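Chemist: After the structure tokens below, expect a handful of questions from me.
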Amino acid sequence: MTATDPMARRGLLIILSSPSGAGKSTLAKMLMGWDPSLRFSVSATTRAARPGEVDGEHYHFMAEAAFKSLVAKGAMLEHAHVFGHFYGSPMAPVATAIEAGRDVLFDIDWQGAQQIRNSALGRHTLSIFILPPSIPELRRRLESRGQDGSDVIAKRMQKSWDEISHWDGYDYVLINDDLETSFARLKTIITAERLRRAQQPGLADHVRKLHAQFEEGQP
Ligand code: ADP
Ligand code: 5GP
């Protein structure tokens with residue numbers, strides 16, 4: 001895609017946040033299936049892999065020293081301490097995708113969302129907060145996921161109060177009751193945001209061409 005292509009767009013940084021268990025990974029996966037041009041930002045983390053998680057696909061799993069060295073080098077777009085572990089979004093793949101006009105999807109907490117919003121890329125950020133329909137349902141989802149022990153689930157439930165209180169810093173908020181409804185709404189939000197004037201740098205050229213056609217007597 002060239003700068004003069006009227007279809008050319010800037011890449012968006014699409015951030016999904018929610019209390020753990022509300023459904024953001026499920027929705028992120030559905031979005032990746034919907035639009036293969038989306039790039040998922042694979043975070044680095046110092047937590048251990050859960051059963052079924054693949055290094056380099058779900059996370060870059062690493063030791064604390066390696067994580068801290070990346071932060072010191074300025075290689076992280078954002079980073080935070082969540083549930084006793086470090087998490088961060090490596091900068092390089094995001095920069096490459098955005099320059100190529102591709103959108104990047106982030107599954108990160110409110111601290112990371114705030115840092116990206118305040119970064120040089122903040123203008124091109126679309127942030128969406130996912131709320132559960134109720135707290136008993138949030139607990140049911142955490143338990144049904146079957147990936148964490150009861151102590152970890154208790155810790156995540158305790159943290160939910162805090163995470164939920166950051167809902168009002170986001171551009172959009174979805175109550176993830178019916179999954180298909182939430183997915184349809186997410187697709188609508190992303191489709192509309194992609195059409196914002198600021199996301200379409202090729203428009204000015206396109207309008208110049210339309211004017212030129214008038215002048216050439218082609219109306
Ligand atoms: P998160 O990434 O926010 O921690 P997950 O996407 O892992 O949450 O979802 C937690 C559990 O809830 C998963 O088992 C998932 O299948 C289920 N889930 C997600 N959204 C819904 C929904 N709308 N209705 C019922 N179950 C859901
Ligand atoms: P989990 O351990 O369940 O995969 O993730 C725990 C929390 O950390 C979730 O709220 C998730 O969104 C958040 N998280 C995952 N990766 C990152 C990251 O790179 N940066 C930040 N700030 N949070 C992250």
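In the structure tokens, chains take the letters A, B, ... in the order shown, each chain's residues start at 1, and ligands count up from 1 in the order shown.
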Please identify all polymer residues within 8 Å of A:Leu131, counting only C-alpha atoms, omitting same-chain residues fewer than 3 positions from it, and present them as a PDB file with N, CA, C and O atoms, in the first residue's frame.
Modeler:
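Saved the output as result25.pdb:
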ATOM      1  N   SER A  18      -9.580  -5.984  30.891  1.00  0.00           N
ATOM      2  CA  SER A  18     -10.740  -6.436  31.662  1.00  0.00           C
ATOM      3  C   SER A  18     -10.225  -7.067  32.945  1.00  0.00           C
ATOM      4  O   SER A  18      -9.048  -7.429  33.015  1.00  0.00           O
ATOM      5  N   PRO A  19     -11.087  -7.245  33.936  1.00  0.00           N
ATOM      6  CA  PRO A  19     -10.656  -8.091  35.044  1.00  0.00           C
ATOM      7  C   PRO A  19     -10.435  -9.503  34.502  1.00  0.00           C
ATOM      8  O   PRO A  19     -11.087  -9.899  33.518  1.00  0.00           O
ATOM      9  N   ALA A  22     -13.032 -12.077  32.416  1.00  0.00           N
ATOM     10  CA  ALA A  22     -14.205 -11.445  31.786  1.00  0.00           C
ATOM     11  C   ALA A  22     -14.350 -11.833  30.313  1.00  0.00           C
ATOM     12  O   ALA A  22     -15.426 -11.677  29.733  1.00  0.00           O
ATOM     13  N   ILE A 164     -11.590  -3.286  37.661  1.00  0.00           N
ATOM     14  CA  ILE A 164     -12.893  -2.765  37.214  1.00  0.00           C
ATOM     15  C   ILE A 164     -12.983  -1.256  37.441  1.00  0.00           C
ATOM     16  O   ILE A 164     -13.582  -0.537  36.635  1.00  0.00           O
ATOM     17  N   VAL A 173     -16.704   0.645  26.326  1.00  0.00           N
ATOM     18  CA  VAL A 173     -16.876  -0.366  27.375  1.00  0.00           C
ATOM     19  C   VAL A 173     -17.937  -1.363  26.908  1.00  0.00           C
ATOM     20  O   VAL A 173     -19.017  -0.964  26.450  1.00  0.00           O
ATOM     21  N   LEU A 174     -17.598  -2.640  26.976  1.00  0.00           N
ATOM     22  CA  LEU A 174     -18.547  -3.701  26.586  1.00  0.00           C
ATOM     23  C   LEU A 174     -18.864  -4.558  27.799  1.00  0.00           C
ATOM     24  O   LEU A 174     -17.947  -4.939  28.537  1.00  0.00           O
ATOM     25  N   ILE A 175     -20.136  -4.870  28.004  1.00  0.00           N
ATOM     26  CA  ILE A 175     -20.494  -5.863  29.024  1.00  0.00           C
ATOM     27  C   ILE A 175     -20.579  -7.195  28.296  1.00  0.00           C
ATOM     28  O   ILE A 175     -21.442  -7.382  27.426  1.00  0.00           O
ATOM     29  N   ASN A 176     -19.634  -8.066  28.591  1.00  0.00           N
ATOM     30  CA  ASN A 176     -19.551  -9.337  27.861  1.00  0.00           C
ATOM     31  C   ASN A 176     -20.508 -10.363  28.471  1.00  0.00           C
ATOM     32  O   ASN A 176     -20.108 -11.226  29.240  1.00  0.00           O
TER      33      ASN A 176
END
Chemist: Taking only C-alpha atoms and all ligand atoms into account, which residues are within 8 Å of ligand 2, as a PyMOL selection string?
Modeler: chain A and resi 16-21+24+41-45+47+59+78-83+86-90+106-113
Chemist: Check the DSSP output for the backbone and give back, as a PyMOL selection string, the residues of stretch 29-209 of chain A in strand (DSSP E).
Modeler: chain A and resi 39-40+43-45+59-61+76-82+85-90+104-107+125-131+172-175
Chemist: Mind dumping the selected residues with N, CA, C and O atoms as a compact mmCIF listing (two decimals), in the first residue's frame?
Modeler:
# COMPACT_ATOMS: atom_id res chain seq x y z
N ARG A 39 -2.36 -7.93 13.89
CA ARG A 39 -1.19 -8.51 14.54
C ARG A 39 -1.44 -8.53 16.05
O ARG A 39 -1.83 -7.51 16.61
N PHE A 40 -1.21 -9.67 16.68
CA PHE A 40 -1.38 -9.76 18.13
C PHE A 40 -0.05 -9.41 18.79
O PHE A 40 1.00 -9.93 18.40
N SER A 43 3.07 -10.51 24.50
CA SER A 43 3.73 -9.88 25.64
C SER A 43 4.86 -10.75 26.17
O SER A 43 4.85 -11.97 25.99
N ALA A 44 5.78 -10.08 26.85
CA ALA A 44 6.79 -10.81 27.62
C ALA A 44 6.27 -10.92 29.04
O ALA A 44 5.58 -10.02 29.52
N THR A 45 6.53 -12.03 29.69
CA THR A 45 6.10 -12.18 31.09
C THR A 45 7.09 -13.03 31.88
O THR A 45 7.74 -13.91 31.31
N TYR A 59 2.76 -15.91 24.98
CA TYR A 59 3.66 -14.99 25.69
C TYR A 59 5.09 -15.35 25.30
O TYR A 59 5.36 -16.46 24.84
N HIS A 60 6.01 -14.40 25.55
CA HIS A 60 7.43 -14.73 25.58
C HIS A 60 7.74 -14.93 27.07
O HIS A 60 7.76 -13.96 27.83
N PHE A 61 7.89 -16.18 27.46
CA PHE A 61 8.15 -16.46 28.88
C PHE A 61 9.64 -16.25 29.16
O PHE A 61 10.48 -16.75 28.40
N MET A 76 10.68 -1.96 25.67
CA MET A 76 9.26 -2.21 25.98
C MET A 76 8.43 -0.95 25.74
O MET A 76 8.78 0.13 26.22
N LEU A 77 7.34 -1.11 25.02
CA LEU A 77 6.42 0.01 24.81
C LEU A 77 5.75 0.38 26.14
O LEU A 77 5.51 1.54 26.42
N GLU A 78 5.45 -0.63 26.93
CA GLU A 78 4.88 -0.44 28.26
C GLU A 78 5.19 -1.68 29.07
O GLU A 78 5.46 -2.74 28.50
N HIS A 79 5.14 -1.55 30.39
CA HIS A 79 5.30 -2.74 31.23
C HIS A 79 4.65 -2.50 32.57
O HIS A 79 4.43 -1.34 32.96
N ALA A 80 4.30 -3.57 33.26
CA ALA A 80 3.62 -3.44 34.55
C ALA A 80 3.86 -4.68 35.40
O ALA A 80 4.27 -5.74 34.88
N HIS A 81 3.56 -4.53 36.68
CA HIS A 81 3.66 -5.64 37.62
C HIS A 81 2.23 -6.06 37.92
O HIS A 81 1.44 -5.25 38.41
N VAL A 82 1.86 -7.28 37.54
CA VAL A 82 0.48 -7.74 37.70
C VAL A 82 0.51 -9.11 38.37
O VAL A 82 1.23 -10.01 37.92
N HIS A 85 3.85 -10.72 39.01
CA HIS A 85 4.78 -11.01 37.91
C HIS A 85 4.90 -9.79 37.02
O HIS A 85 4.01 -8.93 37.00
N PHE A 86 5.99 -9.74 36.25
CA PHE A 86 6.16 -8.64 35.30
C PHE A 86 5.56 -9.03 33.95
O PHE A 86 5.68 -10.19 33.51
N TYR A 87 4.94 -8.04 33.32
CA TYR A 87 4.38 -8.22 31.98
C TYR A 87 4.76 -6.98 31.16
O TYR A 87 4.76 -5.87 31.70
N GLY A 88 5.03 -7.15 29.88
CA GLY A 88 5.35 -5.99 29.06
C GLY A 88 5.14 -6.27 27.58
O GLY A 88 5.17 -7.42 27.15
N SER A 89 4.94 -5.18 26.82
CA SER A 89 4.73 -5.30 25.36
C SER A 89 6.00 -4.88 24.63
O SER A 89 6.37 -3.70 24.67
N PRO A 90 6.68 -5.82 23.95
CA PRO A 90 7.88 -5.44 23.20
C PRO A 90 7.55 -4.42 22.11
O PRO A 90 6.54 -4.54 21.41
N VAL A 104 -2.56 -3.45 15.61
CA VAL A 104 -1.98 -4.37 16.60
C VAL A 104 -2.97 -4.50 17.76
O VAL A 104 -3.48 -3.51 18.26
N LEU A 105 -3.21 -5.75 18.16
CA LEU A 105 -4.16 -6.04 19.24
C LEU A 105 -3.38 -6.34 20.53
O LEU A 105 -2.48 -7.18 20.52
N PHE A 106 -3.75 -5.64 21.61
CA PHE A 106 -3.08 -5.84 22.90
C PHE A 106 -4.08 -6.40 23.91
O PHE A 106 -5.18 -5.88 24.03
N ASP A 107 -3.66 -7.42 24.64
CA ASP A 107 -4.43 -7.93 25.79
C ASP A 107 -3.59 -7.55 27.01
O ASP A 107 -2.69 -8.30 27.39
N THR A 125 -4.47 5.13 19.33
CA THR A 125 -4.89 4.07 20.23
C THR A 125 -6.41 3.97 20.31
O THR A 125 -7.10 4.98 20.36
N LEU A 126 -6.92 2.75 20.29
CA LEU A 126 -8.34 2.48 20.49
C LEU A 126 -8.42 1.54 21.69
O LEU A 126 -7.89 0.43 21.64
N SER A 127 -9.04 2.01 22.78
CA SER A 127 -9.04 1.17 23.97
C SER A 127 -10.47 0.73 24.32
O SER A 127 -11.41 1.52 24.27
N ILE A 128 -10.59 -0.55 24.65
CA ILE A 128 -11.90 -1.14 24.92
C ILE A 128 -11.81 -1.91 26.23
O ILE A 128 -10.92 -2.76 26.41
N PHE A 129 -12.73 -1.62 27.14
CA PHE A 129 -12.75 -2.31 28.43
C PHE A 129 -13.89 -3.31 28.43
O PHE A 129 -15.01 -3.01 28.01
N ILE A 130 -13.61 -4.52 28.89
CA ILE A 130 -14.62 -5.59 28.92
C ILE A 130 -15.05 -5.82 30.37
O ILE A 130 -14.20 -6.14 31.23
N LEU A 131 -16.34 -5.66 30.63
CA LEU A 131 -16.87 -5.91 31.97
C LEU A 131 -17.62 -7.24 31.98
O LEU A 131 -18.27 -7.60 30.99
N TYR A 172 -14.21 2.75 24.83
CA TYR A 172 -15.46 1.96 24.74
C TYR A 172 -15.49 0.96 25.90
O TYR A 172 -14.45 0.50 26.36
N VAL A 173 -16.70 0.64 26.33
CA VAL A 173 -16.88 -0.37 27.38
C VAL A 173 -17.94 -1.36 26.91
O VAL A 173 -19.02 -0.96 26.45
N LEU A 174 -17.60 -2.64 26.98
CA LEU A 174 -18.55 -3.70 26.59
C LEU A 174 -18.86 -4.56 27.80
O LEU A 174 -17.95 -4.94 28.54
N ILE A 175 -20.14 -4.87 28.00
CA ILE A 175 -20.49 -5.86 29.02
C ILE A 175 -20.58 -7.19 28.30
O ILE A 175 -21.44 -7.38 27.43
Chemist: When you draw a straight line from atom CA of A:Ala120 to atom 6 (O, counted along the ligand's line) of ligand 1, how long is it in Å?
Modeler: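 Answer for the atom CA of A:Ala120 to atom 6 (O, counted along the ligand's line) of ligand 1 separation: 29.2 Å.
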Chemist: Going by DSSP on the backbone, which residues of stretch 15-167 of chain A come out as alpha helix (DSSP H)? List them as a ChimeraX atom specification.
Modeler: /A:24-34,64-72,91-99,110-117,135-145,150-164
Chemist: One decimal, in Å: what's the spacing between atom CA of A:Ile14 and atom CA of A:Lys29?
Modeler: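 A separation of 13.3 Å between them.
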Chemist: For a quick check of understanding, using only C-alpha atoms, which of A:His58, A:Arg156, A:Arg117, A:His166 has the smallest distance to A:Ser25?
Modeler: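 Using only C-alpha atoms, A:Ser25 sits closest to A:His58.
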Chemist: Please provide as a PDB file with N, CA and C atoms, in the first residue's frame all residues within 9 Å of stretch 142-145 of chain A, with the sequence filter that same-chain residues fewer than 2 positions apart are discarded (counting only C-alpha atoms).
Modeler:
ATOM      1  N   SER A  20      -9.522 -10.218  35.092  1.00  0.00           N
ATOM      2  CA  SER A  20      -9.203 -11.562  34.644  1.00  0.00           C
ATOM      3  C   SER A  20     -10.467 -12.427  34.636  1.00  0.00           C
ATOM      4  N   GLY A  21     -10.717 -13.101  33.518  1.00  0.00           N
ATOM      5  CA  GLY A  21     -11.869 -13.998  33.415  1.00  0.00           C
ATOM      6  C   GLY A  21     -13.069 -13.386  32.716  1.00  0.00           C
ATOM      7  N   ALA A  22     -13.032 -12.077  32.416  1.00  0.00           N
ATOM      8  CA  ALA A  22     -14.205 -11.445  31.786  1.00  0.00           C
ATOM      9  C   ALA A  22     -14.350 -11.833  30.313  1.00  0.00           C
ATOM     10  N   GLU A 137     -20.711 -14.529  37.926  1.00  0.00           N
ATOM     11  CA  GLU A 137     -20.400 -15.049  36.585  1.00  0.00           C
ATOM     12  C   GLU A 137     -18.895 -14.943  36.301  1.00  0.00           C
ATOM     13  N   LEU A 138     -18.271 -13.867  36.800  1.00  0.00           N
ATOM     14  CA  LEU A 138     -16.820 -13.726  36.620  1.00  0.00           C
ATOM     15  C   LEU A 138     -16.101 -14.902  37.307  1.00  0.00           C
ATOM     16  N   ARG A 139     -16.531 -15.200  38.535  1.00  0.00           N
ATOM     17  CA  ARG A 139     -15.918 -16.317  39.267  1.00  0.00           C
ATOM     18  C   ARG A 139     -16.167 -17.640  38.532  1.00  0.00           C
ATOM     19  N   ARG A 140     -17.398 -17.797  38.034  1.00  0.00           N
ATOM     20  CA  ARG A 140     -17.737 -19.037  37.318  1.00  0.00           C
ATOM     21  C   ARG A 140     -16.820 -19.207  36.093  1.00  0.00           C
ATOM     22  N   GLN A 147      -7.731 -23.352  34.487  1.00  0.00           N
ATOM     23  CA  GLN A 147      -6.279 -23.242  34.297  1.00  0.00           C
ATOM     24  C   GLN A 147      -5.559 -22.807  35.573  1.00  0.00           C
ATOM     25  N   ASP A 148      -6.298 -22.331  36.568  1.00  0.00           N
ATOM     26  CA  ASP A 148      -5.654 -21.816  37.772  1.00  0.00           C
ATOM     27  C   ASP A 148      -6.174 -22.556  38.999  1.00  0.00           C
ATOM     28  N   GLY A 149      -5.324 -22.673  40.000  1.00  0.00           N
ATOM     29  CA  GLY A 149      -5.722 -23.266  41.267  1.00  0.00           C
ATOM     30  C   GLY A 149      -6.586 -22.288  42.055  1.00  0.00           C
ATOM     31  N   SER A 150      -7.201 -22.786  43.162  1.00  0.00           N
ATOM     32  CA  SER A 150      -8.146 -21.941  43.908  1.00  0.00           C
ATOM     33  C   SER A 150      -7.449 -20.730  44.536  1.00  0.00           C
ATOM     34  N   ILE A 153      -7.087 -18.193  41.734  1.00  0.00           N
ATOM     35  CA  ILE A 153      -8.415 -17.637  41.408  1.00  0.00           C
ATOM     36  C   ILE A 153      -8.808 -16.604  42.473  1.00  0.00           C
ATOM     37  N   ARG A 156      -6.969 -13.431  41.828  1.00  0.00           N
ATOM     38  CA  ARG A 156      -7.495 -12.725  40.651  1.00  0.00           C
ATOM     39  C   ARG A 156      -8.828 -12.050  40.971  1.00  0.00           C
ATOM     40  N   MET A 157      -9.670 -12.728  41.767  1.00  0.00           N
ATOM     41  CA  MET A 157     -10.960 -12.127  42.154  1.00  0.00           C
ATOM     42  C   MET A 157     -10.726 -10.870  43.002  1.00  0.00           C
TER      43      MET A 157
END
Chemist: Mind giving me the straight-line distance from atom 8 (O, counted along the ligand's line) of ligand 1 to atom CA of A:Gln158 in Å, one decimal?
Modeler: 15.4 Å
Chemist: Between A:Val94, A:Ile116, A:Leu12, A:Ala184, single out the one closest to ligand 1, counting only C-alpha atoms and all ligand atoms.
Modeler: A:Ala184
Chemist: Compile the contact shell of A:Gly11 as a PyMOL selection string: residues with an atom at most 12 Å away, counting only C-alpha atoms, same-chain residues fewer than 6 positions apart removed.
Modeler: chain A and resi 37-39+94-105+121-126+190+193-196+198-201
